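Listing of run-v1.txt; format and content: compact mmCIF, C-alpha atoms.
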```
# COMPACT_ATOMS: atom_id res chain seq x y z
CA MET A 1 76.72 -68.93 18.51
CA GLU A 2 80.45 -68.99 17.87
CA PHE A 3 82.50 -65.85 17.56
CA LYS A 4 84.05 -65.53 14.11
CA ASP A 5 87.52 -64.08 13.81
CA TYR A 6 87.38 -62.33 10.45
CA TYR A 7 91.05 -61.33 10.65
CA GLN A 8 92.00 -64.97 11.02
CA THR A 9 89.75 -65.91 8.06
CA LEU A 10 91.63 -63.49 5.82
CA GLY A 11 94.99 -64.26 7.44
CA VAL A 12 95.78 -60.65 8.34
CA ALA A 13 96.76 -58.86 11.56
CA ARG A 14 94.22 -56.79 13.47
CA GLU A 15 96.21 -53.68 12.58
CA ALA A 16 96.17 -54.52 8.84
CA THR A 17 95.64 -51.58 6.51
CA ALA A 18 92.70 -51.46 4.10
CA ASP A 19 95.14 -52.21 1.30
CA GLU A 20 96.52 -55.29 3.06
CA ILE A 21 92.98 -56.55 3.67
CA LYS A 22 92.08 -56.08 0.02
CA LYS A 23 95.23 -57.93 -1.11
CA ALA A 24 94.58 -60.82 1.27
CA PHE A 25 90.98 -61.04 0.09
CA ARG A 26 91.95 -61.13 -3.59
CA ARG A 27 94.56 -63.81 -3.00
CA LEU A 28 91.97 -66.00 -1.23
CA ALA A 29 89.20 -65.15 -3.72
CA ARG A 30 91.43 -66.47 -6.46
CA LYS A 31 92.48 -69.54 -4.45
CA TYR A 32 88.92 -70.56 -3.56
CA HIS A 33 87.12 -69.43 -6.70
CA PRO A 34 84.54 -72.23 -7.12
CA ASP A 35 85.02 -72.50 -10.90
CA VAL A 36 88.71 -73.24 -10.78
CA SER A 37 89.64 -74.26 -7.24
CA LYS A 38 90.78 -77.83 -6.65
CA GLU A 39 90.18 -77.47 -2.90
CA LYS A 40 87.34 -79.70 -1.69
CA ASP A 41 85.63 -77.11 0.49
CA ALA A 42 86.23 -74.20 -1.90
CA GLU A 43 82.64 -73.00 -1.94
CA ALA A 44 82.28 -72.95 1.86
CA ARG A 45 85.66 -71.23 2.25
CA MET A 46 84.72 -68.66 -0.38
CA LYS A 47 81.58 -67.79 1.58
CA GLU A 48 83.61 -67.28 4.76
CA VAL A 49 86.12 -65.13 2.92
CA ASN A 50 83.34 -63.03 1.34
CA GLU A 51 81.70 -62.53 4.71
CA ALA A 52 84.97 -61.52 6.39
CA TYR A 53 85.70 -59.08 3.59
CA ALA A 54 82.18 -57.60 3.68
CA VAL A 55 82.91 -56.58 7.29
CA LEU A 56 86.59 -55.69 7.20
CA SER A 57 86.46 -53.72 3.93
CA ASP A 58 83.72 -51.44 5.24
CA PRO A 59 85.22 -48.91 7.67
CA GLU A 60 81.99 -48.58 9.68
CA LYS A 61 81.41 -52.29 10.03
CA ARG A 62 85.08 -52.91 10.78
CA ALA A 63 85.11 -50.30 13.56
CA ALA A 64 81.99 -51.80 15.13
CA TYR A 65 83.39 -55.32 14.84
CA ASP A 66 86.74 -54.24 16.35
CA GLN A 67 85.05 -52.67 19.35
CA LEU A 68 83.07 -55.82 19.94
CA GLY A 69 85.74 -58.36 19.10
CA ARG A 70 88.52 -57.13 21.38
CA ASP A 71 87.76 -59.69 24.09
CA TYR A 72 86.79 -62.67 21.95
CA GLN A 73 88.67 -65.57 20.36
CA ALA A 74 87.54 -67.52 17.28
CA GLY A 75 85.06 -70.25 18.16
CA GLN A 76 84.27 -68.82 21.59
CA ASP A 77 80.58 -68.74 22.59
CA PHE A 78 79.23 -65.34 21.77
CA ARG A 79 76.17 -63.14 22.41
CA PRO A 80 76.35 -59.49 21.44
CA PRO A 81 75.67 -57.12 24.36
CA PRO A 82 72.49 -55.01 24.08
CA ASN A 83 72.86 -51.91 21.93
CA TRP A 84 76.46 -52.77 21.13
CA ASP A 85 76.11 -51.01 17.81
CA ALA A 86 74.77 -47.70 19.13
CA GLY A 87 76.50 -44.89 17.34
CA PHE A 88 77.35 -46.83 14.21
CA GLU A 89 75.66 -46.30 10.89
CA TYR A 90 75.69 -48.85 8.12
CA SER A 91 75.56 -48.11 4.46
CA GLY A 92 72.38 -50.02 3.77
CA ARG A 93 72.04 -52.95 1.44
CA ASP A 94 75.57 -53.40 0.19
CA PHE A 95 76.47 -56.91 1.23
CA GLY A 96 78.53 -57.51 -1.87
CA GLY A 97 77.95 -60.11 -4.54
CA GLY A 98 76.68 -62.92 -2.38
CA GLY A 99 73.97 -61.10 -0.44
CA ALA A 100 73.26 -61.26 3.28
CA ALA A 101 71.40 -64.56 2.96
CA ASP A 102 74.72 -66.28 2.15
CA PHE A 103 76.30 -65.15 5.39
CA SER A 104 76.47 -66.79 8.81
CA ASP A 105 74.20 -66.42 11.84
CA PHE A 106 77.05 -64.51 13.46
CA PHE A 107 77.09 -61.90 10.69
CA SER A 108 73.33 -61.75 10.65
CA GLU A 109 73.10 -61.23 14.42
CA LEU A 110 75.57 -58.35 14.26
CA PHE A 111 74.77 -56.49 11.07
CA GLY A 112 71.29 -57.74 10.21
CA ARG A 113 69.97 -56.40 13.52
CA ALA A 114 71.68 -53.08 13.03
CA ARG A 115 69.98 -52.78 9.70
CA GLY A 116 66.56 -53.52 11.17
CA ALA A 117 67.09 -51.07 14.02
CA GLY A 118 68.31 -48.39 11.64
CA ALA A 119 65.20 -48.76 9.56
CA GLN A 120 63.03 -48.32 12.65
CA ARG A 121 64.98 -45.32 13.92
CA GLY A 122 64.81 -43.41 10.66
CA ALA A 123 61.89 -41.70 9.02
CA ARG A 124 59.22 -43.95 7.51
CA PHE A 125 60.16 -45.11 4.03
CA ASP A 126 59.12 -47.78 1.59
CA ALA A 127 61.49 -50.07 -0.24
CA ARG A 128 61.11 -53.23 -2.26
CA GLY A 129 62.52 -56.31 -0.51
CA GLU A 130 65.77 -57.82 -1.73
CA ASP A 131 65.71 -60.56 -4.35
CA HIS A 132 67.22 -63.84 -3.26
CA HIS A 133 69.27 -66.15 -5.43
CA ALA A 134 69.88 -69.85 -4.90
CA ARG A 135 70.92 -72.93 -6.86
CA ILE A 136 68.77 -76.03 -6.82
CA LEU A 137 69.46 -79.58 -7.87
CA ILE A 138 66.64 -81.33 -9.69
CA ARG A 139 66.35 -84.81 -11.15
CA LEU A 140 66.51 -85.28 -14.91
CA GLU A 141 63.10 -86.94 -14.64
CA ASP A 142 61.68 -83.64 -13.29
CA ALA A 143 62.75 -81.89 -16.50
CA TYR A 144 60.98 -84.59 -18.54
CA GLU A 145 57.72 -84.65 -16.63
CA GLY A 146 57.67 -81.51 -14.54
CA GLY A 147 57.67 -82.15 -10.83
CA THR A 148 57.60 -80.77 -7.35
CA ARG A 149 60.78 -80.14 -5.47
CA MET A 150 61.04 -79.16 -1.81
CA ILE A 151 63.80 -76.67 -1.21
CA THR A 152 65.11 -75.33 2.08
CA LEU A 153 66.10 -71.69 2.22
CA ARG A 154 67.76 -69.60 4.88
CA ALA A 155 66.64 -66.04 5.27
CA PRO A 156 67.08 -63.43 8.01
CA ALA A 157 64.06 -63.02 10.30
CA VAL A 158 63.51 -60.73 13.29
CA ASP A 159 62.25 -62.33 16.52
CA GLU A 160 60.23 -60.66 19.31
CA GLN A 161 63.36 -59.35 21.06
CA GLY A 162 64.52 -57.71 17.85
CA HIS A 163 67.28 -60.25 17.23
CA VAL A 164 67.91 -61.22 13.66
CA THR A 165 68.57 -64.90 13.11
CA MET A 166 68.78 -67.06 10.05
CA LYS A 167 65.50 -68.96 9.82
CA GLU A 168 65.09 -71.98 7.60
CA HIS A 169 61.89 -72.44 5.73
CA ASN A 170 60.74 -74.95 3.17
CA LEU A 171 59.17 -74.20 -0.16
CA ASN A 172 57.52 -76.67 -2.46
CA VAL A 173 58.35 -75.52 -5.95
CA ARG A 174 56.63 -76.76 -9.06
CA ILE A 175 59.30 -77.35 -11.67
CA PRO A 176 58.02 -76.68 -15.20
CA LYS A 177 58.46 -79.43 -17.79
CA GLY A 178 61.33 -78.83 -20.21
CA VAL A 179 63.76 -76.90 -17.97
CA ARG A 180 67.43 -77.33 -18.69
CA GLU A 181 70.69 -76.81 -16.83
CA GLY A 182 71.56 -73.16 -16.22
CA GLN A 183 68.04 -71.81 -16.62
CA VAL A 184 66.63 -69.62 -13.91
CA LEU A 185 63.22 -70.00 -12.30
CA ARG A 186 61.56 -67.00 -10.79
CA LEU A 187 59.24 -67.20 -7.79
CA ALA A 188 57.42 -63.92 -7.46
CA ALA A 189 57.35 -62.35 -3.98
CA GLN A 190 59.42 -65.14 -2.34
CA GLY A 191 62.47 -62.96 -1.61
CA SER A 192 62.89 -60.64 1.40
CA PRO A 193 59.79 -58.85 2.64
CA GLY A 194 59.48 -55.23 1.61
CA ILE A 195 59.99 -52.35 4.03
CA GLY A 196 56.92 -50.23 4.75
CA GLU A 197 54.61 -50.39 1.76
CA GLY A 198 57.34 -51.87 -0.45
CA LYS A 199 56.68 -55.10 -2.30
CA PRO A 200 58.59 -58.26 -1.38
CA GLY A 201 61.53 -59.28 -3.55
CA ASP A 202 61.56 -62.31 -5.81
CA LEU A 203 63.38 -65.59 -5.48
CA PHE A 204 65.56 -66.72 -8.39
CA LEU A 205 66.54 -70.38 -8.58
CA GLU A 206 69.33 -71.53 -10.87
CA ILE A 207 68.66 -75.04 -12.15
CA HIS A 208 71.26 -77.81 -12.01
CA PHE A 209 70.75 -81.54 -12.51
CA GLU A 210 71.67 -84.22 -10.03
CA PRO A 211 74.14 -86.64 -11.62
CA HIS A 212 72.19 -89.51 -13.20
CA PRO A 213 73.58 -93.07 -13.12
CA ARG A 214 72.71 -93.71 -16.78
CA PHE A 215 72.05 -90.47 -18.61
CA ARG A 216 74.31 -87.51 -19.33
CA VAL A 217 72.93 -84.15 -20.31
CA ASP A 218 74.33 -81.53 -22.68
CA GLY A 219 71.96 -78.60 -23.13
CA THR A 220 68.67 -80.19 -24.17
CA ASP A 221 70.34 -83.31 -25.60
CA VAL A 222 70.62 -86.43 -23.49
CA TYR A 223 73.20 -89.20 -23.93
CA ALA A 224 73.36 -92.80 -22.70
CA THR A 225 75.50 -95.82 -23.44
CA LEU A 226 73.65 -98.77 -24.98
CA ARG A 227 75.38 -102.10 -24.52
CA VAL A 228 74.86 -104.58 -27.36
CA ALA A 229 76.05 -108.12 -28.19
CA PRO A 230 78.43 -108.57 -31.16
CA TRP A 231 75.74 -110.35 -33.20
CA GLU A 232 73.21 -107.56 -32.48
CA ALA A 233 75.70 -105.04 -33.80
CA ALA A 234 76.76 -107.19 -36.77
CA LEU A 235 73.37 -108.46 -37.90
CA GLY A 236 71.16 -105.63 -36.70
CA ALA A 237 68.58 -106.04 -33.94
CA LYS A 238 65.75 -104.44 -32.10
CA VAL A 239 66.69 -103.95 -28.45
CA LYS A 240 64.73 -102.56 -25.54
CA ALA A 241 66.22 -99.50 -23.88
CA SER A 242 64.95 -97.41 -21.00
CA LEU A 243 64.62 -93.63 -21.28
CA PRO A 244 64.66 -91.16 -18.38
CA VAL A 245 60.90 -91.63 -18.46
CA GLY A 246 59.53 -94.77 -20.13
CA ALA A 247 61.26 -97.11 -22.55
CA VAL A 248 61.63 -97.60 -26.30
CA GLU A 249 62.63 -100.29 -28.74
CA VAL A 250 65.74 -99.19 -30.59
CA ALA A 251 66.66 -100.51 -34.02
CA VAL A 252 70.40 -101.23 -34.05
CA PRO A 253 71.44 -101.06 -37.72
CA GLU A 254 73.29 -103.95 -39.29
CA GLY A 255 77.07 -103.53 -39.28
CA SER A 256 77.24 -101.12 -36.30
CA GLN A 257 80.54 -100.53 -34.55
CA SER A 258 81.24 -99.40 -30.97
CA GLY A 259 80.81 -95.65 -30.54
CA ARG A 260 78.07 -95.37 -33.16
CA LYS A 261 75.46 -92.84 -32.09
CA LEU A 262 71.80 -93.62 -32.60
CA ARG A 263 69.64 -90.53 -32.48
CA LEU A 264 66.10 -90.52 -31.17
CA LYS A 265 64.84 -87.22 -32.49
CA GLY A 266 62.89 -85.11 -30.02
CA ARG A 267 63.35 -87.56 -27.12
CA GLY A 268 65.79 -85.33 -25.19
CA ILE A 269 64.58 -82.71 -22.72
CA PRO A 270 61.10 -81.58 -23.84
CA SER A 271 61.96 -77.88 -24.16
CA ALA A 272 60.75 -75.77 -27.08
CA PRO A 273 62.28 -77.04 -29.35
CA PRO A 274 62.90 -80.42 -27.69
CA GLY A 275 66.37 -81.92 -27.57
CA ASP A 276 67.43 -85.29 -28.98
CA LEU A 277 68.38 -88.45 -27.17
CA TYR A 278 71.50 -90.31 -28.27
CA PHE A 279 72.36 -93.92 -27.55
CA VAL A 280 76.07 -94.54 -27.94
CA LEU A 281 76.67 -98.19 -28.79
CA GLU A 282 79.12 -100.22 -26.78
CA ILE A 283 79.74 -103.75 -28.04
CA VAL A 284 80.22 -106.15 -25.17
CA LEU A 285 81.94 -109.49 -25.85
CA PRO A 286 80.74 -112.69 -24.23
CA ARG A 287 83.49 -114.26 -22.16
CA ALA A 288 85.22 -117.29 -23.57
CA THR A 289 84.97 -119.28 -20.36
CA SER A 290 82.85 -122.24 -21.49
CA ALA A 291 83.95 -124.88 -24.01
CA LYS A 292 81.11 -123.85 -26.34
CA ALA A 293 82.09 -120.18 -26.28
CA ARG A 294 85.73 -121.04 -27.00
CA GLU A 295 84.63 -123.24 -29.86
CA LEU A 296 82.55 -120.42 -31.41
CA TYR A 297 85.40 -117.91 -31.13
CA GLN A 298 87.82 -120.44 -32.63
CA ALA A 299 85.40 -121.06 -35.53
CA MET A 300 85.24 -117.31 -36.21
CA ALA A 301 89.00 -117.00 -36.07
CA ARG A 302 89.36 -119.89 -38.49
CA ASP A 303 86.52 -119.12 -40.90
CA LEU A 304 86.42 -115.32 -41.05
CA ALA A 305 89.10 -113.50 -42.95
CA PHE A 306 89.17 -110.69 -40.41
CA ASP A 307 92.06 -108.46 -39.44
CA PRO A 308 90.94 -105.70 -37.08
CA ARG A 309 94.22 -103.81 -37.70
CA SER A 310 94.01 -103.69 -41.46
CA PRO A 311 92.91 -100.35 -42.89
CA GLU A 312 89.33 -100.56 -44.15
CA MET B 1 57.14 -74.19 8.48
CA THR B 2 55.59 -73.39 5.10
CA THR B 3 54.91 -76.16 2.65
CA ASP B 4 52.67 -74.29 0.21
CA LEU B 5 53.17 -75.14 -3.41
CA PHE B 6 54.70 -72.33 -5.43
CA LYS B 7 54.55 -72.10 -9.15
CA ALA B 8 57.87 -71.13 -10.62
CA THR B 9 58.10 -69.48 -14.01
CA LEU B 10 61.04 -69.76 -16.34
CA LEU B 11 62.78 -66.44 -16.68
CA GLU B 12 62.50 -66.71 -20.45
CA GLU B 13 58.72 -66.69 -20.13
CA THR B 14 58.41 -63.61 -17.91
CA VAL B 15 60.97 -61.29 -19.62
CA LEU B 16 63.54 -59.57 -17.44
CA ARG B 17 63.98 -55.88 -18.25
CA VAL B 18 66.97 -53.63 -17.64
CA ASP B 19 65.73 -52.23 -14.31
CA GLU B 20 64.79 -55.66 -12.98
CA LEU B 21 68.17 -57.08 -13.94
CA ALA B 22 69.88 -54.17 -12.20
CA ALA B 23 67.78 -54.58 -9.05
CA THR B 24 68.30 -58.32 -8.77
CA CYS B 25 72.06 -58.06 -9.29
CA THR B 26 72.23 -55.07 -6.86
CA VAL B 27 73.85 -52.89 -9.51
CA THR B 28 72.72 -49.62 -11.05
CA ARG B 29 70.87 -49.28 -14.33
CA GLU B 30 73.96 -47.46 -15.66
CA TRP B 31 76.12 -50.45 -14.80
CA VAL B 32 73.91 -52.70 -16.95
CA ILE B 33 73.86 -50.21 -19.85
CA GLU B 34 77.63 -49.75 -19.70
CA HIS B 35 78.21 -53.51 -19.85
CA VAL B 36 75.81 -54.07 -22.72
CA ARG B 37 77.44 -51.23 -24.65
CA ALA B 38 80.90 -52.66 -23.88
CA GLY B 39 79.72 -55.90 -25.53
CA VAL B 40 80.20 -58.12 -22.48
CA LEU B 41 76.50 -58.59 -21.70
CA LEU B 42 73.57 -59.36 -24.00
CA GLU B 43 74.78 -60.51 -27.41
CA ARG B 44 72.30 -58.76 -29.67
CA ALA B 45 71.18 -55.45 -28.22
CA GLY B 46 69.25 -52.70 -29.98
CA PRO B 47 69.98 -49.03 -29.30
CA ASP B 48 67.20 -48.50 -26.75
CA PRO B 49 67.77 -50.04 -23.28
CA LEU B 50 64.00 -50.11 -22.72
CA GLY B 51 63.74 -52.70 -25.48
CA TRP B 52 66.34 -55.04 -23.98
CA THR B 53 65.27 -58.34 -22.46
CA PHE B 54 67.56 -60.63 -20.52
CA THR B 55 67.63 -64.42 -20.33
CA SER B 56 68.70 -66.81 -17.57
CA HIS B 57 72.14 -66.87 -19.12
CA ASP B 58 72.40 -63.05 -19.06
CA LEU B 59 71.37 -62.94 -15.39
CA ILE B 60 73.98 -65.49 -14.32
CA ARG B 61 76.55 -63.72 -16.48
CA ALA B 62 75.74 -60.30 -15.01
CA LYS B 63 76.09 -61.61 -11.45
CA HIS B 64 79.39 -63.22 -12.32
CA LEU B 65 80.73 -60.04 -13.98
CA HIS B 66 79.71 -57.94 -10.99
CA SER B 67 81.33 -60.29 -8.50
CA LEU B 68 84.62 -60.35 -10.46
CA GLU B 69 84.70 -56.57 -10.73
CA ARG B 70 83.99 -56.20 -7.04
CA GLN B 71 86.46 -58.84 -5.90
CA PHE B 72 89.38 -57.93 -8.14
CA ASP B 73 88.61 -54.34 -9.20
CA ALA B 74 88.48 -55.72 -12.74
CA ASN B 75 87.34 -53.49 -15.59
CA PRO B 76 84.35 -54.70 -17.65
CA GLU B 77 86.50 -56.05 -20.48
CA LEU B 78 88.73 -58.10 -18.20
CA ALA B 79 85.76 -59.42 -16.22
CA GLY B 80 84.10 -60.24 -19.56
CA LEU B 81 87.17 -62.19 -20.66
CA VAL B 82 87.20 -64.20 -17.41
CA VAL B 83 83.48 -64.95 -17.72
CA ASP B 84 83.95 -66.02 -21.37
CA LEU B 85 86.76 -68.37 -20.34
CA THR B 86 84.70 -69.77 -17.46
CA GLU B 87 81.78 -70.43 -19.78
CA GLU B 88 84.10 -72.14 -22.26
CA LEU B 89 85.45 -74.28 -19.41
CA GLU B 90 81.91 -75.25 -18.47
CA ARG B 91 81.12 -76.18 -22.09
CA LEU B 92 84.22 -78.38 -22.28
CA ARG B 93 83.41 -80.01 -18.94
CA ALA B 94 79.87 -80.73 -20.19
CA ARG B 95 81.30 -82.34 -23.33
CA LEU B 96 83.63 -84.52 -21.30
CA LYS B 97 80.71 -85.57 -19.16
CA ARG B 98 78.64 -86.29 -22.24
CA GLU B 99 81.34 -88.66 -23.48
CA GLY B 100 81.31 -90.37 -20.12
CA LEU B 101 84.64 -88.85 -19.06
CA SER B 102 85.36 -86.73 -16.03
CA LEU B 103 88.22 -84.51 -14.91
CA ASP B 104 88.44 -86.12 -11.47
```

How does the structure come out when it is put into C-alpha cells?
Amino acid sequence: MEFKDYYQTLGVAREATADEIKKAFRRLARKYHPDVSKEKDAEARMKEVNEAYAVLSDPEKRAAYDQLGRDYQAGQDFRPPPNWDAGFEYSGRDFGGGGAADFSDFFSELFGRARGAGAQRGARFDARGEDHHARILIRLEDAYEGGTRMITLRAPAVDEQGHVTMKEHNLNVRIPKGVREGQVLRLAAQGSPGIGEGKPGDLFLEIHFEPHPRFRVDGTDVYATLRVAPWEAALGAKVKASLPVGAVEVAVPEGSQSGRKLRLKGRGIPSAPPGDLYFVLEIVLPRATSAKARELYQAMARDLAFDPRSPE
Amino acid sequence: MTTDLFKATLLEETVLRVDELAATCTVTREWVIEHVRAGVLLERAGPDPLGWTFTSHDLIRAKHLHSLERQFDANPELAGLVVDLTEELERLRARLKREGLSLD
C-alpha cells in the first residue's frame, strides 16, 4: 500500500492552518467539480481531494495522521504500526458527502480500522449499517426489456487480524423494465452491515445509460436518425428501421424534407407512461459518379423548375 | 465472491420518507425539513413532513445540496441555485445529445 501525502494533494504546507486547508480544499473542489470541470481526470482528482480534506479538516484525524506521517513520503510503501491510533478518538460516521466507500485503501486501513476498534472497545450498541450509493451504466436495451447487470462494488471489510481493507464483491442486479436515466434503484440490505443487532444499510444505484451508437435518449423519449433516399422522401415510402429491441416498418410521408421527425407513439422507454420514439429523417443523395447518375441529375436540373434558395 | 441475483426496486415504487432520506444522505431530519421549507427540495410539499415522499430526483438533489453546503459552506438558497443551474446544464446537454450534437 502506498503512503498518501494529503498535504501534497491539497497543495498546502504541513503547518497550514485550518483556514488555509479549507481555502485550498474549496479552490480544488471548484476546479475539479465533475459537473463543470474540463479536466479529464476530474472525478478521480475530486475523490482524492475529498479524502485528503476528510482527514485534514478533522483535528483528531489530522493529529493522528501527522504523528504517523512524519517519516513517510508520498508513494512510499506503507504499513501502519500496530496500535498506531491508540489514544485517538474519531467522531464516528462523518466521512463527508462521498462516504467511506469512496475512499482509498490507505484511508480505510487507517481510519476504518480505528472505527472498528472503537466500536469493540465501547459499550455494546446497535446501529443500522450505512447506506451505500453508486452509479451504474446500463444498456438502453436493458431499459426496454429489463435485464441483469453485474456490478462490482468496493466496501470496507475486516479481516482476521482486524485490518480493514477494501474488498470487491460482485452483485447481479435485476434491472426493472422501463427505468430511465437519473432514476435510483434500491437494493434492500446491500449496504454496510449493521452493528450489533442493527439492520444492514441499503444500496442505492443511480442509473445512467451507456452511449448507444444509434439511439439517443432524452427522458423516456428515444431519438434516432433515419437515412432515406431522395425519392423515398419525395414520393413517400415504407422503410424498415431497427428499434433498440426489434424492428418496424416506418411510413415516410410523401414530400418529407431532411430534419422531419416521425413519431412512433409509445415506442420509447416502456415506463409508465411510455415514452415516444422519434426518427429524424436525413436525406442522403446518391453520388453522381456513374454516367447514368449524372444523366438523371442533369434531367432533373433541366426538367424541374426547382430553386432551393427561393422562399417557399 | 457473491453472484446471487438481487432484485432492485425503483425508488418511486418503494416510497422514500423523510427519515429515510435523512439517513441515506447522512443529514439530520431537521436538515431535510429546513430545505423543503426553504423551497429548494421537494417541489410540492404539504405541511406535515410525515406525509412527504421523495423521488429519485429528490434524493440526488439532496445529496448534491448537502455536498455543496459542506464543501463551500453555502447556505441552502445558494446551494439550491447551484443545483438548479447544474440541472439546467444537464437538460441542455441532453438536448444537444438528442440532436446528435456534443460539447466535445

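The gap separating CA of Val222 (chain A) from CA of Leu277 (chain A) is 4.8 Å, in Å to one decimal.
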
Residue list for chain A near chain B as a ChimeraX atom specification, 7 Å, only C-alpha atoms: /A:26,97,131,169-175,182-187,216-218,223

Pick from A:Lys4, A:His133, A:Arg287, A:Lys31, whichever lies nearest to Asp66 (chain A) using only C-alpha atoms: A:Lys4

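The interatomic distance for the pair CA of Pro274 (chain A) and CA of Thr220 (chain A) works out to 6.8 Å.
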
Nearest residue to Asp202 (chain A) from the set A:Glu130, A:Ile136, A:Pro176, A:Ala143 (distances using all atoms listed in the file): A:Glu130

Protein and nucleic acid residues near (83.7, -114.2, -29.5) (cut-off 9 Å, all atoms listed in the file) as an mmCIF file with C-alpha atoms, in the coordinates of the input:
```
data_model
loop_
_atom_site.group_PDB
_atom_site.id
_atom_site.type_symbol
_atom_site.label_atom_id
_atom_site.label_comp_id
_atom_site.auth_asym_id
_atom_site.auth_seq_id
_atom_site.Cartn_x
_atom_site.Cartn_y
_atom_site.Cartn_z
ATOM 1 C CA PRO A 230 78.430 -108.570 -31.160
ATOM 2 C CA LEU A 285 81.940 -109.490 -25.850
ATOM 3 C CA PRO A 286 80.740 -112.690 -24.230
ATOM 4 C CA ARG A 287 83.490 -114.260 -22.160
ATOM 5 C CA ALA A 288 85.220 -117.290 -23.570
ATOM 6 C CA ALA A 293 82.090 -120.180 -26.280
ATOM 7 C CA ARG A 294 85.730 -121.040 -27.000
ATOM 8 C CA LEU A 296 82.550 -120.420 -31.410
ATOM 9 C CA TYR A 297 85.400 -117.910 -31.130
ATOM 10 C CA GLN A 298 87.820 -120.440 -32.630
ATOM 11 C CA MET A 300 85.240 -117.310 -36.210
ATOM 12 C CA ALA A 301 89.000 -117.000 -36.070
#
```

Straight-line distance linking CA of Trp52 (chain B) with CA of Val18 (chain B), stated in Å to one decimal: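 That distance, rounded to one decimal, is 6.5 Å.
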
Pick from A:Val239, A:Asp35, A:Arg309, A:Val55 nearest to Glu88 (chain B), counting all atoms listed in the file: A:Asp35

Option closest in space to Leu42 (chain B), from B:Ser102, B:Arg29, B:Ala62, B:Val82 [counting all atoms listed in the file]: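 Checking each candidate against Leu42 (chain B), we get B:Ala62 as the closest.
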
Selection: 10 Å around Glu77 (chain B), only C-alpha atoms, excl. self and same-chain fewer than 3 positions, as a ChimeraX atom specification: /B:35,38-40,65,69,74,80-83

Long-range neighbours of Gly46 (chain B) as a PyMOL selection string, 10 Å cut-off, all atoms listed in the file, 5 positions minimum in chain: chain B and resi 36-37+51-52

Selected residue of minimal separation from Leu10 (chain A) among A:Glu181, A:Ala52, A:Glu39, A:Ala29, counting all atoms listed in the file: A:Ala52

All residues 8 Å or closer to Gly236 (chain A), only C-alpha atoms, same chain fewer than 5 positions away omitted, as a VMD selection string: chain A and resid 231 251 to 256
